[in-house]
$ cat input01.cif   # mmCIF, C-alpha atoms and all ligand atoms
data_input
loop_
_atom_site.label_atom_id
_atom_site.label_comp_id
_atom_site.auth_asym_id
_atom_site.auth_seq_id
_atom_site.Cartn_x
_atom_site.Cartn_y
_atom_site.Cartn_z
CA MET A 1 -19.04 -11.17 11.60
CA SER A 2 -19.04 -9.48 8.19
CA ARG A 3 -19.93 -12.81 6.57
CA GLU A 4 -22.87 -13.21 8.95
CA THR A 5 -24.15 -9.78 7.99
CA LEU A 6 -23.89 -10.60 4.29
CA VAL A 7 -25.64 -13.95 4.83
CA GLU A 8 -28.46 -12.24 6.70
CA LEU A 9 -28.89 -9.67 3.93
CA ASN A 10 -28.90 -12.41 1.27
CA ARG A 11 -31.49 -14.36 3.25
CA ARG A 12 -33.68 -11.26 3.41
CA THR A 13 -33.35 -10.59 -0.33
CA VAL A 14 -34.07 -14.25 -1.19
CA SER A 15 -37.25 -14.18 0.88
CA HIS A 16 -38.43 -11.03 -0.93
CA ALA A 17 -37.66 -12.74 -4.24
CA ARG A 18 -39.74 -15.76 -3.22
CA ALA A 19 -42.63 -13.65 -1.95
CA GLY A 20 -42.49 -11.22 -4.87
CA THR A 21 -42.22 -8.29 -2.46
CA VAL A 22 -39.85 -5.37 -2.05
CA PRO A 23 -39.34 -2.99 0.89
CA GLN A 24 -40.22 0.67 0.39
CA ALA A 25 -39.20 4.03 1.77
CA ALA A 26 -41.74 5.83 3.97
CA GLU A 27 -42.74 8.38 1.35
CA VAL A 28 -42.06 9.95 -2.01
CA ALA A 29 -39.29 12.56 -1.69
CA GLU A 30 -38.67 15.71 -3.69
CA VAL A 31 -35.34 17.29 -4.57
CA ALA A 32 -35.14 20.87 -5.86
CA ALA A 33 -34.33 20.87 -9.58
CA SER A 34 -31.95 23.80 -9.06
CA ASN A 35 -29.74 21.54 -6.91
CA TYR A 36 -28.57 20.06 -10.19
CA PHE A 37 -27.55 23.29 -11.95
CA ASP A 38 -27.41 26.29 -9.61
CA ALA A 39 -23.86 27.70 -9.57
CA ASP A 40 -23.90 28.72 -5.88
CA ARG A 41 -25.19 25.35 -4.80
CA TRP A 42 -22.49 23.68 -6.91
CA GLU A 43 -19.71 25.80 -5.35
CA ILE A 44 -20.92 24.81 -1.88
CA GLU A 45 -20.92 21.15 -2.89
CA MET A 46 -17.36 21.46 -4.19
CA ASP A 47 -16.22 23.06 -0.96
CA ARG A 48 -18.20 21.07 1.58
CA VAL A 49 -18.61 17.68 -0.07
CA PHE A 50 -15.65 17.28 -2.43
CA ARG A 51 -13.00 19.02 -0.33
CA ARG A 52 -13.96 17.41 2.99
CA THR A 53 -15.06 13.88 2.17
CA PRO A 54 -12.44 11.19 1.54
CA LEU A 55 -12.61 10.49 -2.20
CA VAL A 56 -11.61 7.36 -4.06
CA LEU A 57 -8.68 8.35 -6.25
CA GLY A 58 -7.16 4.97 -7.02
CA PHE A 59 -6.56 1.37 -6.08
CA SER A 60 -3.81 -0.43 -4.23
CA SER A 61 -3.32 -2.57 -7.35
CA GLU A 62 -2.31 0.53 -9.35
CA LEU A 63 0.32 1.42 -6.77
CA ARG A 64 1.65 -1.88 -5.48
CA GLU A 65 5.39 -1.33 -5.78
CA PRO A 66 7.52 1.09 -3.78
CA ASN A 67 8.19 4.26 -5.86
CA SER A 68 5.07 3.82 -7.99
CA TYR A 69 2.93 6.92 -8.43
CA LYS A 70 -0.30 8.19 -9.95
CA ALA A 71 -1.01 11.80 -10.90
CA MET A 72 -4.45 13.15 -11.75
CA GLU A 73 -6.61 16.24 -11.56
CA VAL A 74 -9.67 15.96 -9.35
CA ALA A 75 -12.27 18.71 -8.94
CA GLY A 76 -9.69 21.26 -10.06
CA MET A 77 -6.88 20.01 -7.83
CA PRO A 78 -3.74 18.38 -9.26
CA VAL A 79 -2.99 15.39 -7.04
CA LEU A 80 0.04 13.11 -6.81
CA ILE A 81 -0.27 9.76 -5.01
CA VAL A 82 2.98 7.93 -4.26
CA ARG A 83 3.98 4.63 -2.70
CA GLY A 84 7.12 5.65 -0.84
CA ALA A 85 10.33 3.61 -0.76
CA ASP A 86 9.09 2.60 2.73
CA GLY A 87 5.91 1.08 1.28
CA GLU A 88 3.71 3.81 2.77
CA LEU A 89 1.13 5.44 0.52
CA ARG A 90 1.07 9.26 0.56
CA ALA A 91 -0.79 11.94 -1.34
CA PHE A 92 0.35 15.45 -2.21
CA VAL A 93 -0.78 18.43 -4.17
CA ASN A 94 1.07 18.05 -7.46
CA THR A 95 2.84 21.40 -7.23
CA CYS A 96 6.45 22.49 -6.79
CA SER A 97 7.44 24.60 -3.78
CA HIS A 98 9.57 26.90 -5.95
CA ARG A 99 7.00 28.53 -8.20
CA GLY A 100 4.15 26.09 -8.36
CA ALA A 101 4.79 24.06 -11.50
CA GLN A 102 3.06 20.69 -11.66
CA LEU A 103 5.74 18.08 -11.10
CA VAL A 104 4.24 15.19 -13.00
CA GLU A 105 1.91 14.81 -15.97
CA ALA A 106 -1.34 12.96 -15.31
CA GLY A 107 -0.80 9.21 -15.45
CA THR A 108 1.01 6.46 -13.60
CA GLY A 109 4.68 5.52 -13.40
CA SER A 110 7.58 4.69 -11.17
CA THR A 111 10.40 6.92 -9.99
CA ARG A 112 12.68 7.49 -7.02
CA ARG A 113 12.76 11.28 -7.56
CA PHE A 114 10.29 13.80 -8.89
CA THR A 115 12.19 16.45 -10.80
CA CYS A 116 10.29 19.62 -11.57
CA PRO A 117 10.07 20.31 -15.33
CA TYR A 118 10.49 24.09 -14.77
CA HIS A 119 13.81 24.56 -12.90
CA ALA A 120 14.65 20.99 -11.89
CA TRP A 121 14.09 21.08 -8.15
CA SER A 122 13.64 17.51 -6.96
CA TYR A 123 11.66 15.65 -4.32
CA ASP A 124 11.87 12.11 -2.99
CA THR A 125 8.88 9.77 -2.86
CA GLY A 126 8.20 10.88 0.72
CA GLY A 127 7.68 14.44 -0.56
CA LYS A 128 10.92 15.83 0.87
CA LEU A 129 12.74 18.53 -1.10
CA VAL A 130 16.09 16.91 -1.89
CA GLY A 131 17.55 18.97 -4.70
CA ILE A 132 17.79 22.68 -5.58
CA LEU A 133 19.50 23.52 -8.85
CA ASP A 134 22.48 25.89 -8.39
CA ARG A 135 21.80 26.11 -4.73
CA ASP A 136 24.67 28.56 -4.13
CA THR A 137 23.22 31.16 -6.43
CA PHE A 138 19.57 30.56 -5.49
CA GLY A 139 20.14 31.50 -1.86
CA GLU A 140 19.45 29.99 1.53
CA ILE A 141 16.11 28.29 2.31
CA ASP A 142 15.10 25.66 4.84
CA VAL A 143 14.49 22.54 2.73
CA ASP A 144 12.61 20.89 5.59
CA CYS A 145 9.91 23.55 5.32
CA HIS A 146 9.54 23.25 1.55
CA GLY A 147 8.59 19.68 0.85
CA LEU A 148 5.48 18.79 -1.12
CA THR A 149 2.12 19.72 0.42
CA SER A 150 0.47 16.65 1.95
CA LEU A 151 -3.10 15.55 1.53
CA PRO A 152 -4.72 13.07 3.95
CA CYS A 153 -4.55 9.58 2.44
CA ALA A 154 -5.53 6.03 3.46
CA GLU A 155 -6.02 2.57 1.96
CA ARG A 156 -8.90 0.25 2.84
CA SER A 157 -10.09 -2.89 1.04
CA GLY A 158 -7.61 -2.21 -1.78
CA ILE A 159 -9.08 1.24 -2.39
CA VAL A 160 -7.13 4.50 -2.07
CA PHE A 161 -8.87 7.40 -0.34
CA VAL A 162 -7.61 10.99 -0.43
CA THR A 163 -9.12 14.16 1.02
CA LEU A 164 -8.60 17.23 -1.17
CA ARG A 165 -7.81 19.54 1.72
CA PRO A 166 -4.15 20.42 2.31
CA GLY A 167 -3.33 20.15 5.98
CA GLY A 168 -6.72 18.53 6.67
CA THR A 169 -7.39 15.36 8.60
CA MET A 170 -9.10 12.14 7.63
CA ASP A 171 -10.79 9.64 9.92
CA ILE A 172 -11.23 6.91 7.33
CA ASP A 173 -12.75 4.41 9.74
CA ALA A 174 -15.39 6.86 10.92
CA HIS A 175 -16.03 7.73 7.29
CA LEU A 176 -16.57 4.13 6.19
CA CYS A 177 -18.90 3.18 9.06
CA GLY A 178 -17.80 -0.49 8.89
CA TYR A 179 -18.45 -0.71 5.14
CA ASP A 180 -14.85 -1.74 4.41
CA ALA A 181 -15.38 -5.05 6.25
CA MET A 182 -18.08 -5.80 3.64
CA LEU A 183 -16.02 -4.49 0.71
CA ASP A 184 -13.19 -6.83 1.76
CA HIS A 185 -15.35 -9.72 0.49
CA LEU A 186 -15.16 -8.33 -3.06
CA GLY A 187 -11.46 -9.17 -3.24
CA ILE A 188 -10.38 -5.79 -4.63
CA ALA A 189 -7.21 -5.71 -2.53
CA ASP A 190 -5.79 -8.73 -4.38
CA ALA A 191 -7.12 -7.79 -7.82
CA TRP A 192 -5.25 -6.84 -10.99
CA PHE A 193 -5.78 -3.33 -12.33
CA VAL A 194 -6.45 -3.79 -16.05
CA GLY A 195 -7.01 -0.19 -17.10
CA SER A 196 -9.47 2.66 -17.17
CA GLN A 197 -11.43 4.77 -19.64
CA THR A 198 -13.40 7.98 -19.26
CA ALA A 199 -16.85 9.29 -20.09
CA ASP A 200 -18.02 12.91 -19.99
CA GLY A 201 -21.28 13.29 -18.13
CA PRO A 202 -23.81 15.85 -16.91
CA ASN A 203 -23.90 17.37 -13.38
CA TRP A 204 -22.28 14.87 -11.02
CA LYS A 205 -25.54 14.21 -9.18
CA VAL A 206 -27.56 13.67 -12.36
CA ALA A 207 -24.90 11.13 -13.32
CA TYR A 208 -24.65 9.55 -9.87
CA ASP A 209 -28.42 9.17 -9.45
CA GLY A 210 -28.28 6.59 -12.24
CA TYR A 211 -25.94 4.29 -10.34
CA LEU A 212 -28.35 4.04 -7.41
CA ASP A 213 -31.31 3.52 -9.70
CA PHE A 214 -32.51 0.05 -10.73
CA TYR A 215 -35.96 1.42 -11.61
CA HIS A 216 -34.67 2.44 -15.05
CA LEU A 217 -32.78 -0.72 -15.97
CA PRO A 218 -35.31 -2.58 -18.12
CA ILE A 219 -36.54 0.69 -19.66
CA LEU A 220 -33.58 2.89 -20.59
CA HIS A 221 -31.37 -0.14 -21.20
CA LYS A 222 -33.98 -2.13 -23.13
CA ASN A 223 -31.68 -2.53 -26.15
CA THR A 224 -28.65 -3.69 -24.18
CA PHE A 225 -28.57 -5.48 -20.82
CA GLY A 226 -31.93 -4.22 -19.45
CA PRO A 227 -34.11 -7.21 -20.31
CA ASP A 228 -32.00 -9.41 -17.99
CA TYR A 229 -32.71 -7.21 -14.97
CA ALA A 230 -35.66 -6.53 -12.70
CA ASN A 231 -36.50 -2.91 -11.84
CA THR A 232 -36.79 -3.56 -8.09
CA ALA A 233 -34.12 -2.52 -5.60
CA ILE A 234 -33.30 -3.06 -1.96
CA TYR A 235 -30.97 -0.53 -0.32
CA ASP A 236 -28.67 -1.30 2.59
CA ALA A 237 -26.65 1.50 4.10
CA TRP A 238 -23.51 1.83 6.17
CA GLY A 239 -23.72 5.54 6.92
CA PRO A 240 -24.00 7.18 3.48
CA HIS A 241 -22.54 4.17 1.62
CA GLN A 242 -25.15 2.01 -0.03
CA ARG A 243 -25.31 -1.41 -1.52
CA VAL A 244 -28.13 -2.06 -3.99
CA THR A 245 -29.49 -5.55 -4.61
CA SER A 246 -32.56 -6.80 -6.40
CA PRO A 247 -34.91 -9.60 -5.28
CA ASP A 248 -34.71 -11.13 -8.76
CA GLN A 249 -34.11 -14.45 -10.56
CA ARG A 250 -30.45 -14.43 -9.54
CA MET A 251 -31.39 -14.30 -5.88
CA LEU A 252 -33.96 -17.07 -6.36
CA ALA A 253 -31.17 -19.24 -7.80
CA ILE A 254 -28.87 -18.39 -4.88
CA GLY A 255 -31.72 -19.31 -2.53
CA GLU A 256 -31.60 -22.84 -3.94
CA ILE A 257 -28.03 -23.25 -2.66
CA ASP A 258 -27.49 -24.24 0.94
CA GLU A 259 -26.48 -21.16 2.99
CA SER A 260 -23.39 -22.88 4.33
CA GLU A 261 -22.16 -23.10 0.72
CA TRP A 262 -22.67 -19.45 -0.10
CA THR A 263 -19.31 -18.09 -1.23
CA ASP A 264 -18.22 -14.45 -1.40
CA ARG A 265 -19.44 -14.51 -5.00
CA HIS A 266 -22.98 -15.40 -3.81
CA LEU A 267 -22.79 -12.87 -1.00
CA THR A 268 -21.58 -9.79 -2.85
CA GLY A 269 -24.00 -9.36 -5.74
CA GLY A 270 -25.55 -6.06 -6.72
CA VAL A 271 -24.03 -2.61 -6.92
CA TRP A 272 -21.80 -1.30 -4.13
CA THR A 273 -21.55 2.46 -3.92
CA ILE A 274 -19.13 4.55 -1.92
CA PHE A 275 -20.42 8.00 -1.03
CA PRO A 276 -20.33 10.46 -2.70
CA HIS A 277 -19.04 9.35 -6.10
CA VAL A 278 -18.25 5.66 -6.59
CA SER A 279 -20.12 2.66 -7.94
CA ILE A 280 -18.78 -0.89 -8.03
CA ALA A 281 -20.44 -3.38 -10.37
CA GLY A 282 -19.22 -6.91 -11.04
CA PHE A 283 -19.48 -9.14 -14.09
CA ASP A 284 -18.08 -12.52 -15.07
CA VAL A 285 -15.49 -13.10 -17.76
CA ARG A 286 -15.29 -16.73 -18.83
CA LEU A 287 -14.29 -18.45 -22.05
CA ASP A 288 -15.40 -21.85 -23.26
CA GLY A 289 -12.56 -24.32 -23.08
CA VAL A 290 -10.19 -21.90 -21.33
CA GLU A 291 -9.26 -22.33 -17.70
CA GLY A 292 -9.33 -19.35 -15.39
CA GLY A 293 -11.46 -16.28 -15.75
CA GLY A 294 -13.92 -15.12 -13.13
CA ARG A 295 -15.10 -11.95 -11.54
CA MET A 296 -14.21 -8.55 -12.89
CA TYR A 297 -15.25 -5.22 -11.44
CA MET A 298 -16.02 -1.95 -13.09
CA ILE A 299 -15.39 0.66 -10.44
CA SER A 300 -16.80 3.95 -11.68
CA THR A 301 -15.38 7.05 -10.00
CA LEU A 302 -17.28 10.25 -10.80
CA TYR A 303 -15.75 13.69 -10.38
CA PRO A 304 -17.38 17.07 -10.98
CA GLY A 305 -16.19 18.87 -14.10
CA ASP A 306 -15.28 22.55 -14.34
CA THR A 307 -18.91 23.67 -14.29
CA PRO A 308 -22.16 22.56 -12.59
CA ASP A 309 -23.28 21.02 -15.88
CA THR A 310 -20.36 18.66 -16.36
CA SER A 311 -18.67 15.67 -14.77
CA ILE A 312 -16.09 13.10 -15.73
CA THR A 313 -16.35 9.42 -14.93
CA TYR A 314 -13.42 7.04 -14.83
CA GLN A 315 -14.46 3.47 -15.49
CA ASN A 316 -11.72 1.48 -13.74
CA PHE A 317 -11.49 -2.25 -14.42
CA LEU A 318 -10.13 -4.64 -11.79
CA SER A 319 -9.87 -8.33 -12.37
CA THR A 320 -10.01 -10.85 -9.52
CA PHE A 321 -8.39 -13.46 -11.80
CA GLU A 322 -5.07 -13.19 -13.55
CA PRO A 323 -5.90 -11.42 -16.81
CA THR A 324 -3.74 -13.59 -19.05
CA GLU A 325 -3.51 -13.02 -22.80
CA GLU A 326 -6.39 -15.36 -23.70
CA PHE A 327 -8.74 -12.97 -21.92
CA THR A 328 -7.55 -9.77 -23.61
CA ASP A 329 -10.25 -9.70 -26.28
CA ALA A 330 -13.08 -10.66 -23.91
CA ILE A 331 -12.06 -7.97 -21.44
CA ALA A 332 -11.74 -5.37 -24.21
CA ALA A 333 -15.19 -6.29 -25.53
CA GLN A 334 -16.74 -5.89 -22.05
CA ARG A 335 -15.04 -2.54 -21.60
CA GLU A 336 -16.24 -1.32 -24.95
CA PHE A 337 -19.78 -2.48 -24.15
CA LEU A 338 -19.89 -0.80 -20.74
CA LEU A 339 -18.56 2.48 -22.10
CA ARG A 340 -21.12 2.43 -24.88
CA VAL A 341 -23.99 1.76 -22.45
CA VAL A 342 -22.96 4.56 -20.13
CA VAL A 343 -22.19 7.12 -22.86
CA GLU A 344 -25.03 6.37 -25.25
CA GLU A 345 -27.75 5.44 -22.78
CA ASP A 346 -27.10 6.84 -19.27
CA TYR A 347 -25.11 10.01 -19.93
CA SER A 348 -26.82 10.90 -23.18
CA THR A 349 -30.09 10.83 -21.21
CA GLY A 350 -28.41 12.67 -18.32
CA LYS A 351 -27.15 15.51 -20.52
CA ARG A 352 -30.63 16.01 -21.91
CA ILE A 353 -32.05 15.92 -18.34
CA GLN A 354 -29.55 18.64 -17.48
CA LYS A 355 -30.82 20.91 -20.28
CA ALA A 356 -34.44 20.19 -19.41
CA LEU A 357 -34.00 20.90 -15.69
CA LYS A 358 -32.33 24.23 -16.47
CA THR A 359 -35.47 25.47 -18.20
CA GLY A 360 -37.01 25.80 -14.74
CA ALA A 361 -40.16 24.09 -16.00
CA LYS A 362 -40.13 21.73 -13.03
CA PRO A 363 -39.35 23.12 -9.57
CA SER A 364 -38.40 19.68 -8.27
CA VAL A 365 -37.79 16.08 -9.21
CA MET A 366 -39.06 13.02 -7.36
CA PHE A 367 -37.63 9.89 -5.80
CA GLY A 368 -40.31 7.28 -5.19
CA ARG A 369 -40.82 4.93 -2.28
CA ASN A 370 -39.04 2.38 -4.49
CA GLU A 371 -36.04 4.73 -4.81
CA ALA A 372 -34.85 4.85 -1.22
CA GLY A 373 -31.22 4.98 -2.37
CA GLY A 374 -31.60 8.27 -4.20
CA GLN A 375 -33.51 9.67 -1.22
CA ARG A 376 -30.71 8.77 1.16
CA PHE A 377 -27.98 10.08 -1.15
CA HIS A 378 -29.56 13.51 -1.55
CA GLY A 379 -30.30 13.62 2.19
CA TRP A 380 -26.62 13.10 2.96
CA VAL A 381 -25.50 15.73 0.47
CA ASP A 382 -27.94 18.21 2.07
CA ASP A 383 -26.77 17.32 5.60
CA ILE A 384 -23.11 17.67 4.66
CA ILE A 385 -23.45 21.04 3.02
CA ALA A 386 -25.40 22.31 6.04
CA ALA A 387 -22.66 21.13 8.46
CA ASP A 388 -19.66 23.09 9.73
CA ASP A 389 -16.46 21.09 10.25
CA ASP A 390 -17.40 19.91 13.77
CA GLU A 391 -20.85 18.86 12.68
CA PHE A 392 -19.37 17.19 9.61
CA ALA A 393 -17.22 14.90 11.78
CA LYS A 394 -20.22 14.12 13.97
CA LEU A 395 -22.38 13.17 10.98
CA PHE A 396 -20.04 10.26 10.29
CA ALA A 397 -19.23 9.44 13.91
CA ASN A 398 -22.95 9.08 14.64
CA ALA A 399 -23.86 7.30 11.43
CA THR A 400 -25.24 3.79 11.72
CA THR A 401 -26.14 0.92 9.45
CA ASP A 402 -29.63 0.88 8.02
CA PHE A 403 -30.75 -2.30 6.30
CA GLN A 404 -34.14 -2.44 4.61
CA PRO A 405 -36.40 -5.08 6.20
S1 LIG A 501 8.71 25.71 -10.29
FE1 LIG A 501 9.59 23.82 -9.82
S2 LIG A 501 11.69 24.20 -9.88
FE2 LIG A 501 10.82 26.08 -10.34
FE FE A 502 -28.18 3.02 -16.32
#

$ encode --input "input01.cif" --output "structure tokens"
Amino acid sequence: MSRETLVELNRRTVSHARAGTVPQAAEVAEVAASNYFDADRWEIEMDRVFRRTPLVLGFSSELREPNSYKAMEVAGMPVLIVRGADGELRAFVNTCSHRGAQLVEAGTGSTRRFTCPYHAWSYDTGGKLVGILDRDTFGEIDVDCHGLTSLPCAERSGIVFVTLRPGGTMDIDAHLCGYDAMLDHLGIADAWFVGSQTADGPNWKVAYDGYLDFYHLPILHKNTFGPDYANTAIYDAWGPHQRVTSPDQRMLAIGEIDESEWTDRHLTGGVWTIFPHVSIAGFDVRLDGVEGGGRMYMISTLYPGDTPDTSITYQNFLSTFEPTEEFTDAIAAQREFLLRVVVEEDYSTGKRIQKALKTGAKPSVMFGRNEAGGQRFHGWVDDIIAADDDEFAKLFANATTDFQP
């Protein structure tokens, strides 16, 4: 079923490539410039978008083994994700029940016990409080009531989702609107995690707009990869999650191959985004005369910084082929290139946009009929911040797919 959908979408994109056409949104849309810098607006987004929506905080490949963990700070919250001894993935606030110390430094590792660096209370990988130093002198407490604070957590398509709301709930299937069946074809669940690097960016939406935007590719990226890309985009949506493809030369070439021979590689081109903060882009790593190599993904996860004007992006690299030693240099070179493009081209432009918008010179910015993806993204952010918790659940429960013709 998911293959049929992908075939149908490919067929549609190929026919646009042959005809030299591209679907358009109904009209040009405007977004208030203040949405990108106003402090009140930003606080509401933190509360209503980032503390309610399942966020991508990691990958199954980073946490394959029982007792492996990952600690990180996201939108001001210290988070600890742990694969329990039972194989189950759980997420917690990274804070000790005694007096709040953070249990683990940011990073990944493996342990059977988390021992607090302050007074050495300890917790097992299921979050249970299992050790109190000098228990006799500390006094009586109910250890069952003082485990780590849970956060809702789920894995789909090799991607780890966490909601930053202690005691909250997560309906991951409602949230994904069937998108995970498509993402499965990318092969992320079986991939190797080969590392990550970070880039400081402007307001999270200024930064994120760029990932949905093919219009700028040949222009802003004219000195790097831009000349190889068309500036046309087709947007397909599963609820708020959007895949972006282009009816370009690559699709013309795929059109020359018999449909029955289209592999996942032919069917999963373009950029796959996960609302509200993830972009997945693939590239090939191959070496002349060396066997192996293949598809590698850069999965960019964007998180708001400490202020409306800042964000941090993790560029996570996942390899669908075994990243043996021969490929080390080629992978490092790709990573270096992609960081340079994003820092020196996208985010350098984004930071200057941020300054310019704050002057108030322009009351709004525009998303054209050729930028349906940006229109949909901002529409969803607006709908989510206008929704109370009941309405929020309904937004996803009622969401449908929307493929451009
Ligand atoms: S704060 Fe963790 S043991 Fe005291
Ligand atoms: Fe870009």

$ closest_residue --input "input01.cif" --among "A:Thr95, A:Glu88, A:Leu103, A:Val244" --to "Gly126 (chain A)" --atoms "all atoms listed in the file"
A:Glu88

$ residues_near_ligand --input "input01.cif" --ligand "ligand FE 502 (chain A)" --cutoff "12 Å" --atoms "all atoms listed in the file" --output "MDAnalysis selection string"
chainID A and resid 206:226 229 231 271 279 281 338:350

$ write_last_selection --input "input01.cif" --atoms "C-alpha atoms" --output "PDB file, in the coordinates of the input"
ATOM      1  CA  VAL A 206     -27.560  13.670 -12.360  1.00  0.00           C
ATOM      2  CA  ALA A 207     -24.900  11.130 -13.320  1.00  0.00           C
ATOM      3  CA  TYR A 208     -24.650   9.550  -9.870  1.00  0.00           C
ATOM      4  CA  ASP A 209     -28.420   9.170  -9.450  1.00  0.00           C
ATOM      5  CA  GLY A 210     -28.280   6.590 -12.240  1.00  0.00           C
ATOM      6  CA  TYR A 211     -25.940   4.290 -10.340  1.00  0.00           C
ATOM      7  CA  LEU A 212     -28.350   4.040  -7.410  1.00  0.00           C
ATOM      8  CA  ASP A 213     -31.310   3.520  -9.700  1.00  0.00           C
ATOM      9  CA  PHE A 214     -32.510   0.050 -10.730  1.00  0.00           C
ATOM     10  CA  TYR A 215     -35.960   1.420 -11.610  1.00  0.00           C
ATOM     11  CA  HIS A 216     -34.670   2.440 -15.050  1.00  0.00           C
ATOM     12  CA  LEU A 217     -32.780  -0.720 -15.970  1.00  0.00           C
ATOM     13  CA  PRO A 218     -35.310  -2.580 -18.120  1.00  0.00           C
ATOM     14  CA  ILE A 219     -36.540   0.690 -19.660  1.00  0.00           C
ATOM     15  CA  LEU A 220     -33.580   2.890 -20.590  1.00  0.00           C
ATOM     16  CA  HIS A 221     -31.370  -0.140 -21.200  1.00  0.00           C
ATOM     17  CA  LYS A 222     -33.980  -2.130 -23.130  1.00  0.00           C
ATOM     18  CA  ASN A 223     -31.680  -2.530 -26.150  1.00  0.00           C
ATOM     19  CA  THR A 224     -28.650  -3.690 -24.180  1.00  0.00           C
ATOM     20  CA  PHE A 225     -28.570  -5.480 -20.820  1.00  0.00           C
ATOM     21  CA  GLY A 226     -31.930  -4.220 -19.450  1.00  0.00           C
ATOM     22  CA  TYR A 229     -32.710  -7.210 -14.970  1.00  0.00           C
ATOM     23  CA  ASN A 231     -36.500  -2.910 -11.840  1.00  0.00           C
ATOM     24  CA  VAL A 271     -24.030  -2.610  -6.920  1.00  0.00           C
ATOM     25  CA  SER A 279     -20.120   2.660  -7.940  1.00  0.00           C
ATOM     26  CA  ALA A 281     -20.440  -3.380 -10.370  1.00  0.00           C
ATOM     27  CA  LEU A 338     -19.890  -0.800 -20.740  1.00  0.00           C
ATOM     28  CA  LEU A 339     -18.560   2.480 -22.100  1.00  0.00           C
ATOM     29  CA  ARG A 340     -21.120   2.430 -24.880  1.00  0.00           C
ATOM     30  CA  VAL A 341     -23.990   1.760 -22.450  1.00  0.00           C
ATOM     31  CA  VAL A 342     -22.960   4.560 -20.130  1.00  0.00           C
ATOM     32  CA  VAL A 343     -22.190   7.120 -22.860  1.00  0.00           C
ATOM     33  CA  GLU A 344     -25.030   6.370 -25.250  1.00  0.00           C
ATOM     34  CA  GLU A 345     -27.750   5.440 -22.780  1.00  0.00           C
ATOM     35  CA  ASP A 346     -27.100   6.840 -19.270  1.00  0.00           C
ATOM     36  CA  TYR A 347     -25.110  10.010 -19.930  1.00  0.00           C
ATOM     37  CA  SER A 348     -26.820  10.900 -23.180  1.00  0.00           C
ATOM     38  CA  THR A 349     -30.090  10.830 -21.210  1.00  0.00           C
ATOM     39  CA  GLY A 350     -28.410  12.670 -18.320  1.00  0.00           C
TER      40      GLY A 350
END

$ atom_distance --input "input01.cif" --atom1 "CA of Ala29 (chain A)" --atom2 "CA of Phe377 (chain A)"
11.6 Å

$ closest_residue --input "input01.cif" --among "A:His378, A:Arg135, A:Arg352, A:His241" --to "ligand LIG 501 (chain A)" --atoms "all atoms listed in the file"
A:Arg135

$ residues_near_ligand --input "input01.cif" --ligand "ligand LIG 501 (chain A)" --cutoff "10 Å" --atoms "all atoms listed in the file" --output "compact mmCIF listing (two decimals) with C-alpha atoms, in the coordinates of the input"
# COMPACT_ATOMS: atom_id res chain seq x y z
CA THR A 95 2.84 21.40 -7.23
CA CYS A 96 6.45 22.49 -6.79
CA SER A 97 7.44 24.60 -3.78
CA HIS A 98 9.57 26.90 -5.95
CA ARG A 99 7.00 28.53 -8.20
CA GLY A 100 4.15 26.09 -8.36
CA ALA A 101 4.79 24.06 -11.50
CA GLN A 102 3.06 20.69 -11.66
CA LEU A 103 5.74 18.08 -11.10
CA THR A 115 12.19 16.45 -10.80
CA CYS A 116 10.29 19.62 -11.57
CA PRO A 117 10.07 20.31 -15.33
CA TYR A 118 10.49 24.09 -14.77
CA HIS A 119 13.81 24.56 -12.90
CA ALA A 120 14.65 20.99 -11.89
CA TRP A 121 14.09 21.08 -8.15
CA SER A 122 13.64 17.51 -6.96
CA GLY A 131 17.55 18.97 -4.70
CA ILE A 132 17.79 22.68 -5.58
CA LEU A 133 19.50 23.52 -8.85

$ atom_distance --input "input01.cif" --atom1 "CA of Arg286 (chain A)" --atom2 "CA of Gln334 (chain A)"
11.4 Å

$ residues_around --input "input01.cif" --residues "Arg295 (chain A)" --least-positions-apart "5" --cutoff "6 Å" --atoms "all atoms listed in the file" --output "compact mmCIF listing (two decimals) with C-alpha atoms, in the coordinates of the input"
# COMPACT_ATOMS: atom_id res chain seq x y z
CA PHE A 283 -19.48 -9.14 -14.09
CA ASP A 284 -18.08 -12.52 -15.07
CA THR A 320 -10.01 -10.85 -9.52

$ closest_residue --input "input01.cif" --among "A:Arg64, A:His175, A:Lys70, A:Arg250" --to "Ile274 (chain A)" --atoms "only C-alpha atoms"
A:His175

$ atom_distance --input "input01.cif" --atom1 "CA of Gly368 (chain A)" --atom2 "CA of Ala25 (chain A)"
7.8 Å

$ residues_around --input "input01.cif" --residues "Val365 (chain A)" --least-positions-apart "6" --cutoff "8 Å" --atoms "all atoms listed in the file" --output "ChimeraX atom specification"
/A:30-33

$ residues_around --input "input01.cif" --residues "region 323-327 of chain A" --least-positions-apart "4" --cutoff "10 Å" --atoms "only C-alpha atoms" --output "list of chain:residue names"
A:Ala191, A:Trp192, A:Phe193, A:Val194, A:Val285, A:Arg286, A:Leu287, A:Val290, A:Glu291, A:Gly292, A:Gly293, A:Gly294, A:Met296, A:Leu318, A:Ser319, A:Ile331, A:Ala332, A:Ala333

$ residues_around --input "input01.cif" --residues "Thr400 (chain A)" --least-positions-apart "5" --cutoff "7 Å" --atoms "only C-alpha atoms" --output "ChimeraX atom specification"
/A:177,238-239

$ closest_residue --input "input01.cif" --among "A:Pro166, A:Thr108, A:Tyr123, A:Asp190" --to "Phe92 (chain A)" --atoms "all atoms listed in the file"
A:Pro166

$ closest_residue --input "input01.cif" --among "A:Asp173, A:Asp40, A:Glu4, A:Asp309" --to "Lys351 (chain A)" --atoms "all atoms listed in the file"
A:Asp309
